[in-house]
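Q: Could you have a look at this structure, given as structure tokens, before my questions?
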Amino acid sequence: MIRILTLLFVFMLGMAPPPGHAAELRIDITKGGLNPMPIAVPDFVTLSGDSPSAPTEHGIRIAEVVNADLERSGLFRPLDPKAFLQDSVGLWKAPDFRNWRLLSADAVVAGGTTLAGDKLSVDFVLYDVNQGGKLGESKRISAPTKDWRHLAHRVADEIYSRLTGEGGYFTSRIGFVAQKNIDARRFRKWLSVMDQDGANRVDLNPNELLVLTPRFSPNGEHLYYLSYETGFPRIFRWGLYERQKAMLTEFPGLNACPSLSPDGTRMAMTLTKDGNAEIYVKDLRGGGLKRLTESSAIDTSPSWSPDGNSIVFTSSRGGSPQIYVMDANGGGVKRLSFEGKNNSAPAWSPRGDNIAYVQGGGGKFRIAVLNPKTGKSRTLTDSWMDESPTWSPNGRVILFSRQNNSQTKLYTIDLTGHNERMAPVGDLGGSDPTWSPLIR
């Protein structure tokens with residue numbers, strides 16, 4: 001009997017595909033509701049001298065951030081370090097894939113840190129546990145030690161990319177209008193920026209009375225927003241690195257809804273200087289102002305396509321607010337939305353394949369997406385007041401605001417309509433979010 005089992009094992013082994021032809025470990029993120037991939041990210045060892053040593057504070061904290069990023073995406077299930085059967089030093093030297101298979105891990109990350117003066121370097125290797133080999137080459141990234149969280153987010157981006165085939169989004173920032181209630185009737189609002197995981201929050205203008213609709217520049221270095229600091233609604237630009245602001249518009253009436261072209265040279269916006277709400281484009285290189293829409297209806301909330309050739313916007317020209325698209329020069333206007341009685345606040349995905357918007361109907365305002373080519377739409381959320389959608393840099397996650405009783409909070413949801421989560425803004429309220437490009 002033993003000989004028969006041995007022969008059968010050898011026969012089956014001969015039928016198995018060679019390692020070079022093994023199926024690549026990959027998550028299909030186009031399908032919603034998938035079981036998250038089990039992944040192990042132990043603390044990163046310390047690399048100094050001839051051999052690795054036990055993790056220090058940097059290696060421990062970096063692993064924590066990487067695990068948190070991956071878990072929050074909804075695509076990964078980081079395993080409990082208490083269950084690990086191989087320590088970080090042993091993993092760095094040579095992975096014992098049998099032990100990681102016992103934990104049902106599909107992937108494992110071996111990482112190490114090197115500190116040289118004020119410079120911190122991180123090396124890491126991603127392994128496919130079932131196939132017993134590397135997923136891509138080992139990689140080293142470096143940054144000033146104070147930016148250790150940024151290094152962790154870059155590691156998480158790389159892991160996300162290798163296991164999904166899509167770009168990551170963890171090295172990005174979120175701008176929003178923060179709100180703090182003073183009492184039952186009064187509150188204070190200001191402009192705030194934070195990392196996508198809620199860390200490193202910076203309050204930009206805590207003393208201003210009212211700010212609205214912040215939007216990141218394409219390079220992530222500026223915020224464009226509406227402010228009433230002069231007593232009138234005007235558009236300002238805030239430099240996040242030089243910490244300086246400038247007023248960009250001073251037209252009569254409403255100056256609102258700034259939206260930057262992909263190359264950062266033009267700003268679309270809503271103006272009422274001619275008596276009606278119309279969409280204009282201003283050349284930020286010192287050029288003139290061009291009016292794009294000509295309608296007796298309200299035209300507002302412009303958003304550029306990623307190629308810069310088209311602008312999607314909200315218009316009531318059909319009798320109720322709906323989503324329209326036009327060429328970047330104002331021609332070729334076409335209606336896109338037909339489901340819902342009140343559709344507004346369109347935001348074009350960085351991928352160009354979808355437009356997120358607020359779909360109103362039945363006493364609810366929900367986040368929906370539509371395909372600009374087919375016109376097909378899908379509703380993603382089911383609350384009574386969801387607003388202001390904005391996209392992650394990879395076009396896979398939507399950030400939006402939701403009114404909960406007396407306070408508004410920020411939420412994220414996957415493009416498939418799964419993994420809805422509250423964004424980490426602490427005890428603050430948050431509205432009018434904007435998501436930055438990747439920060440390198």
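Letters for chains follow the order of the structure tokens (A, B, ...), residue numbers begin at 1 for each chain, and ligand numbers begin at 1 in the order shown.
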Please provide the set of residues having any atom within 9 Å of stretch 165-172 of chain A, restricted to only C-alpha atoms, with same-chain residues fewer than 4 positions apart removed, written as a PyMOL selection string.
A: chain A and resi 26-29+69-70+150-154+156-161+194-197+220+392-397+435-440
Q: From the list A:Ser316, A:Asn329, A:Asn219, A:Gln244, which residue is nearest A:Val281 when using only C-alpha atoms?
A: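 That would be A:Asn329, the residue with the smallest distance to A:Val281.
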Q: Among the residues of stretch 128-217 of chain A, find those DSSP assigns to strand (DSSP E) from the backbone and print them as a CSV table (one decimal) with N, CA and C atoms, in the first residue's frame.
A:
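What landed in states.csv:
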```
chain,number,residue,atom,x,y,z
A,128,ASP,N,5.5,34.9,-2.8
A,128,ASP,CA,4.4,34.0,-3.0
A,128,ASP,C,4.5,32.8,-2.2
A,133,GLY,N,8.3,31.4,-4.0
A,133,GLY,CA,9.3,32.3,-4.7
A,133,GLY,C,8.9,33.7,-4.6
A,134,LYS,N,9.8,34.6,-5.1
A,134,LYS,CA,9.6,36.0,-5.0
A,134,LYS,C,8.5,36.5,-6.0
A,139,LYS,N,13.4,45.5,-3.3
A,139,LYS,CA,13.4,46.9,-3.6
A,139,LYS,C,13.9,47.7,-2.4
A,140,ARG,N,14.6,48.8,-2.6
A,140,ARG,CA,15.0,49.7,-1.6
A,140,ARG,C,14.5,51.1,-1.9
A,141,ILE,N,13.9,51.7,-0.8
A,141,ILE,CA,13.5,53.1,-0.9
A,141,ILE,C,14.0,53.9,0.3
A,142,SER,N,14.3,55.1,0.1
A,142,SER,CA,14.9,55.9,1.2
A,142,SER,C,14.2,57.3,1.3
A,143,ALA,N,14.3,57.9,2.5
A,143,ALA,CA,13.8,59.2,2.7
A,143,ALA,C,14.3,59.7,4.0
A,144,PRO,N,14.2,61.0,4.3
A,144,PRO,CA,14.6,61.5,5.7
A,144,PRO,C,13.8,60.7,6.7
A,173,ARG,N,-2.7,62.3,-0.2
A,173,ARG,CA,-3.2,63.1,0.9
A,173,ARG,C,-4.7,63.5,0.6
A,174,ILE,N,-5.3,63.9,1.6
A,174,ILE,CA,-6.8,64.3,1.5
A,174,ILE,C,-6.9,65.7,2.1
A,175,GLY,N,-7.5,66.5,1.3
A,175,GLY,CA,-7.9,67.9,1.7
A,175,GLY,C,-9.4,67.9,2.0
A,176,PHE,N,-9.8,68.6,3.0
A,176,PHE,CA,-11.3,68.7,3.3
A,176,PHE,C,-11.6,69.9,4.1
A,177,VAL,N,-12.8,70.2,4.2
A,177,VAL,CA,-13.3,71.3,5.1
A,177,VAL,C,-13.6,70.7,6.5
A,178,ALA,N,-12.8,71.0,7.4
A,178,ALA,CA,-13.0,70.4,8.8
A,178,ALA,C,-14.0,71.3,9.5
A,179,GLN,N,-14.8,70.6,10.4
A,179,GLN,CA,-15.8,71.3,11.2
A,179,GLN,C,-15.8,70.9,12.6
A,180,LYS,N,-15.9,71.8,13.5
A,180,LYS,CA,-16.0,71.6,14.9
A,180,LYS,C,-17.2,72.4,15.5
A,181,ASN,N,-18.1,71.7,16.2
A,181,ASN,CA,-19.2,72.3,16.8
A,181,ASN,C,-18.8,73.1,18.0
A,187,PHE,N,-20.9,76.5,14.8
A,187,PHE,CA,-19.8,75.6,14.5
A,187,PHE,C,-18.7,76.5,13.7
A,188,ARG,N,-17.5,75.9,13.7
A,188,ARG,CA,-16.4,76.6,13.0
A,188,ARG,C,-15.9,75.6,11.9
A,189,LYS,N,-15.6,76.2,10.7
A,189,LYS,CA,-15.1,75.4,9.6
A,189,LYS,C,-13.8,76.0,9.1
A,190,TRP,N,-12.9,75.1,8.7
A,190,TRP,CA,-11.6,75.5,8.2
A,190,TRP,C,-11.0,74.5,7.2
A,191,LEU,N,-10.0,74.9,6.5
A,191,LEU,CA,-9.4,74.0,5.5
A,191,LEU,C,-8.3,73.1,6.2
A,192,SER,N,-8.3,71.8,5.9
A,192,SER,CA,-7.4,70.9,6.6
A,192,SER,C,-6.9,69.9,5.5
A,193,VAL,N,-5.7,69.4,5.8
A,193,VAL,CA,-5.0,68.4,4.9
A,193,VAL,C,-4.4,67.4,5.8
A,194,MET,N,-4.5,66.1,5.4
A,194,MET,CA,-3.9,65.0,6.1
A,194,MET,C,-3.5,63.9,5.2
A,195,ASP,N,-2.7,63.0,5.6
A,195,ASP,CA,-2.4,61.8,4.9
A,195,ASP,C,-3.7,61.0,4.7
A,202,VAL,N,-2.8,68.8,9.1
A,202,VAL,CA,-2.4,70.2,9.2
A,202,VAL,C,-3.6,71.1,8.9
A,203,ASP,N,-3.9,72.0,9.9
A,203,ASP,CA,-5.0,72.9,9.7
A,203,ASP,C,-4.4,74.2,9.0
A,211,VAL,N,-15.1,78.3,4.2
A,211,VAL,CA,-14.4,77.9,3.0
A,211,VAL,C,-15.2,76.7,2.4
A,212,LEU,N,-15.1,76.5,1.1
A,212,LEU,CA,-15.8,75.5,0.4
A,212,LEU,C,-15.0,74.9,-0.8
A,213,THR,N,-15.4,73.7,-1.2
A,213,THR,CA,-14.9,73.1,-2.4
A,213,THR,C,-13.4,73.1,-2.7
A,214,PRO,N,-12.6,72.7,-1.7
A,214,PRO,CA,-11.1,72.7,-2.0
A,214,PRO,C,-10.8,71.6,-3.1
A,215,ARG,N,-9.9,71.9,-4.0
A,215,ARG,CA,-9.4,71.0,-5.0
A,215,ARG,C,-7.9,71.0,-5.1
A,216,PHE,N,-7.3,69.8,-5.2
A,216,PHE,CA,-5.9,69.7,-5.3
A,216,PHE,C,-5.4,70.1,-6.7
```
Q: Among stretch 66-197 of chain A, which residues carry a DSSP assignment of helix (DSSP H, G or I), reported as number ranges by chain?
A: A: 66-72, 81-83, 88-93, 97-102, 145-164
Q: Convert the current residue selection to file output with C-alpha atoms, as an mmCIF file, in the first residue's frame.
A:
```
data_model
loop_
_atom_site.group_PDB
_atom_site.id
_atom_site.type_symbol
_atom_site.label_atom_id
_atom_site.label_comp_id
_atom_site.auth_asym_id
_atom_site.auth_seq_id
_atom_site.Cartn_x
_atom_site.Cartn_y
_atom_site.Cartn_z
ATOM 1 C CA VAL A 66 1.849 48.779 6.016
ATOM 2 C CA ASN A 67 -0.567 46.340 7.677
ATOM 3 C CA ALA A 68 -3.081 49.128 8.351
ATOM 4 C CA ASP A 69 -2.938 50.390 4.747
ATOM 5 C CA LEU A 70 -3.484 46.935 3.288
ATOM 6 C CA GLU A 71 -6.314 46.076 5.679
ATOM 7 C CA ARG A 72 -8.137 49.344 5.063
ATOM 8 C CA PRO A 81 1.836 38.415 14.351
ATOM 9 C CA LYS A 82 1.242 36.331 17.493
ATOM 10 C CA ALA A 83 0.577 33.327 15.258
ATOM 11 C CA SER A 88 11.557 38.401 11.244
ATOM 12 C CA VAL A 89 15.291 37.630 11.259
ATOM 13 C CA GLY A 90 14.736 34.064 10.070
ATOM 14 C CA LEU A 91 12.337 35.265 7.380
ATOM 15 C CA TRP A 92 14.866 37.792 6.106
ATOM 16 C CA LYS A 93 17.556 35.121 5.822
ATOM 17 C CA PHE A 97 7.340 28.527 3.303
ATOM 18 C CA ARG A 98 5.994 25.437 5.078
ATOM 19 C CA ASN A 99 5.403 27.444 8.253
ATOM 20 C CA TRP A 100 3.710 30.259 6.371
ATOM 21 C CA ARG A 101 1.488 27.762 4.541
ATOM 22 C CA LEU A 102 0.371 26.395 7.898
ATOM 23 C CA THR A 145 13.922 59.688 8.920
ATOM 24 C CA LYS A 146 11.105 62.076 9.820
ATOM 25 C CA ASP A 147 9.213 60.793 6.769
ATOM 26 C CA TRP A 148 9.164 57.162 7.930
ATOM 27 C CA ARG A 149 5.381 56.981 7.482
ATOM 28 C CA HIS A 150 5.776 57.988 3.852
ATOM 29 C CA LEU A 151 8.242 55.127 3.384
ATOM 30 C CA ALA A 152 5.695 52.725 4.883
ATOM 31 C CA HIS A 153 2.994 53.963 2.521
ATOM 32 C CA ARG A 154 5.335 53.453 -0.441
ATOM 33 C CA VAL A 155 5.942 49.864 0.636
ATOM 34 C CA ALA A 156 2.168 49.330 0.876
ATOM 35 C CA ASP A 157 1.712 50.866 -2.591
ATOM 36 C CA GLU A 158 4.267 48.473 -4.047
ATOM 37 C CA ILE A 159 2.640 45.432 -2.440
ATOM 38 C CA TYR A 160 -0.800 46.570 -3.601
ATOM 39 C CA SER A 161 0.486 47.077 -7.139
ATOM 40 C CA ARG A 162 2.244 43.709 -7.413
ATOM 41 C CA LEU A 163 -0.758 41.786 -6.100
ATOM 42 C CA THR A 164 -3.496 43.633 -8.006
#
```
Q: Hey, which of A:Ser217, A:Ser301, A:Ser138, A:Thr230 ends up closest to A:Thr265? Count only C-alpha atoms.
A: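 Counting only C-alpha atoms, the residue closest to A:Thr265 is A:Ser217.
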Q: If you count only C-alpha atoms, which residues fall within 8 Å of A:Ser401, apart from same-chain ones fewer than 2 positions away, as a list of chain:residue names?
A: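 These residues fall inside the cut-off: A:Asp386, A:Glu387, A:Ser388, A:Pro389, A:Leu399, A:Gln403, A:Thr408, A:Lys409, A:Leu410, A:Tyr411, A:Gly430, A:Ser431, A:Asp432, A:Pro433.
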Q: Just give me the gap between atom CA of A:Gln131 and atom CA of A:Thr46 in Å, one decimal is fine.
A: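 Interatomic distance, atom CA of A:Gln131 to atom CA of A:Thr46: 27.1 Å.
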Q: Which is closest to A:Ser303 among A:Trp391, A:Gln359, A:Arg366, A:Leu380, if we use only C-alpha atoms?
A: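 Of A:Trp391, A:Gln359, A:Arg366, A:Leu380, the one nearest A:Ser303, counting only C-alpha atoms, is A:Trp391.
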Q: May I have the residues within 12 Å of A:Gly375 as a list in words, using only C-alpha atoms and disregarding those fewer than 2 positions away in the same chain?
A: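 So, after excluding close chain neighbours, the residues are Ile323, Tyr324, Val325, Lys334, Arg335, Leu336, Ser337, Phe338, Glu339, Asp353, Asn354, Ile355, Val369, Leu370, Asn371, Pro372, Lys373, Ser377 and Arg378 of chain A.
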Q: Could those residues be written to a file, using C-alpha atoms, as a tab-separated table (two decimals), in the first residue's frame?
A:
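Everything below was put into again-v6.tsv:
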```tsv
chain	number	residue	atom	x	y	z
A	323	ILE	CA	-24.86	65.54	-15.63
A	324	TYR	CA	-23.63	66.87	-18.97
A	325	VAL	CA	-20.34	66.71	-20.84
A	334	LYS	CA	-24.32	66.16	-24.39
A	335	ARG	CA	-26.44	64.92	-21.50
A	336	LEU	CA	-25.06	61.86	-19.68
A	337	SER	CA	-27.37	61.13	-16.71
A	338	PHE	CA	-30.95	59.95	-17.07
A	339	GLU	CA	-31.55	58.00	-13.85
A	353	ASP	CA	-13.56	55.18	-17.38
A	354	ASN	CA	-16.10	56.46	-14.85
A	355	ILE	CA	-17.67	59.64	-13.52
A	369	VAL	CA	-20.93	56.23	-11.02
A	370	LEU	CA	-21.64	56.30	-14.74
A	371	ASN	CA	-19.68	55.24	-17.77
A	372	PRO	CA	-19.34	58.29	-20.08
A	373	LYS	CA	-19.17	56.04	-23.17
A	377	SER	CA	-24.81	54.01	-14.16
A	378	ARG	CA	-24.52	52.19	-10.84
```
Q: Point out the residue among A:Thr56, A:Thr300, A:Thr434, A:Thr381 with the least atom-to-atom distance to A:Cys257, counting only C-alpha atoms.
A: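 That would be A:Thr300, the residue with the smallest distance to A:Cys257.
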Q: Give me the residues near A:Asn130 as a PyMOL selection string, where near means some atom within 12 Å (using only C-alpha atoms) and where sequence neighbours in that chain fewer than 5 positions away do not count.
A: chain A and resi 19+22-25+38-39+95-108+135
Q: Extract, using only C-alpha atoms, all DNA, RNA and protein residues at most 12 Å from A:Glu278, discarding same-chain residues fewer than 2 positions from it, and format them as JSON, numbers by chain.
A: {"A": [253, 254, 255, 256, 257, 268, 269, 270, 271, 272, 273, 274, 275, 276, 280, 281, 290, 291, 292, 293, 294, 295, 296, 297, 298, 299, 300, 301, 302, 313, 314, 315, 316, 317, 330]}
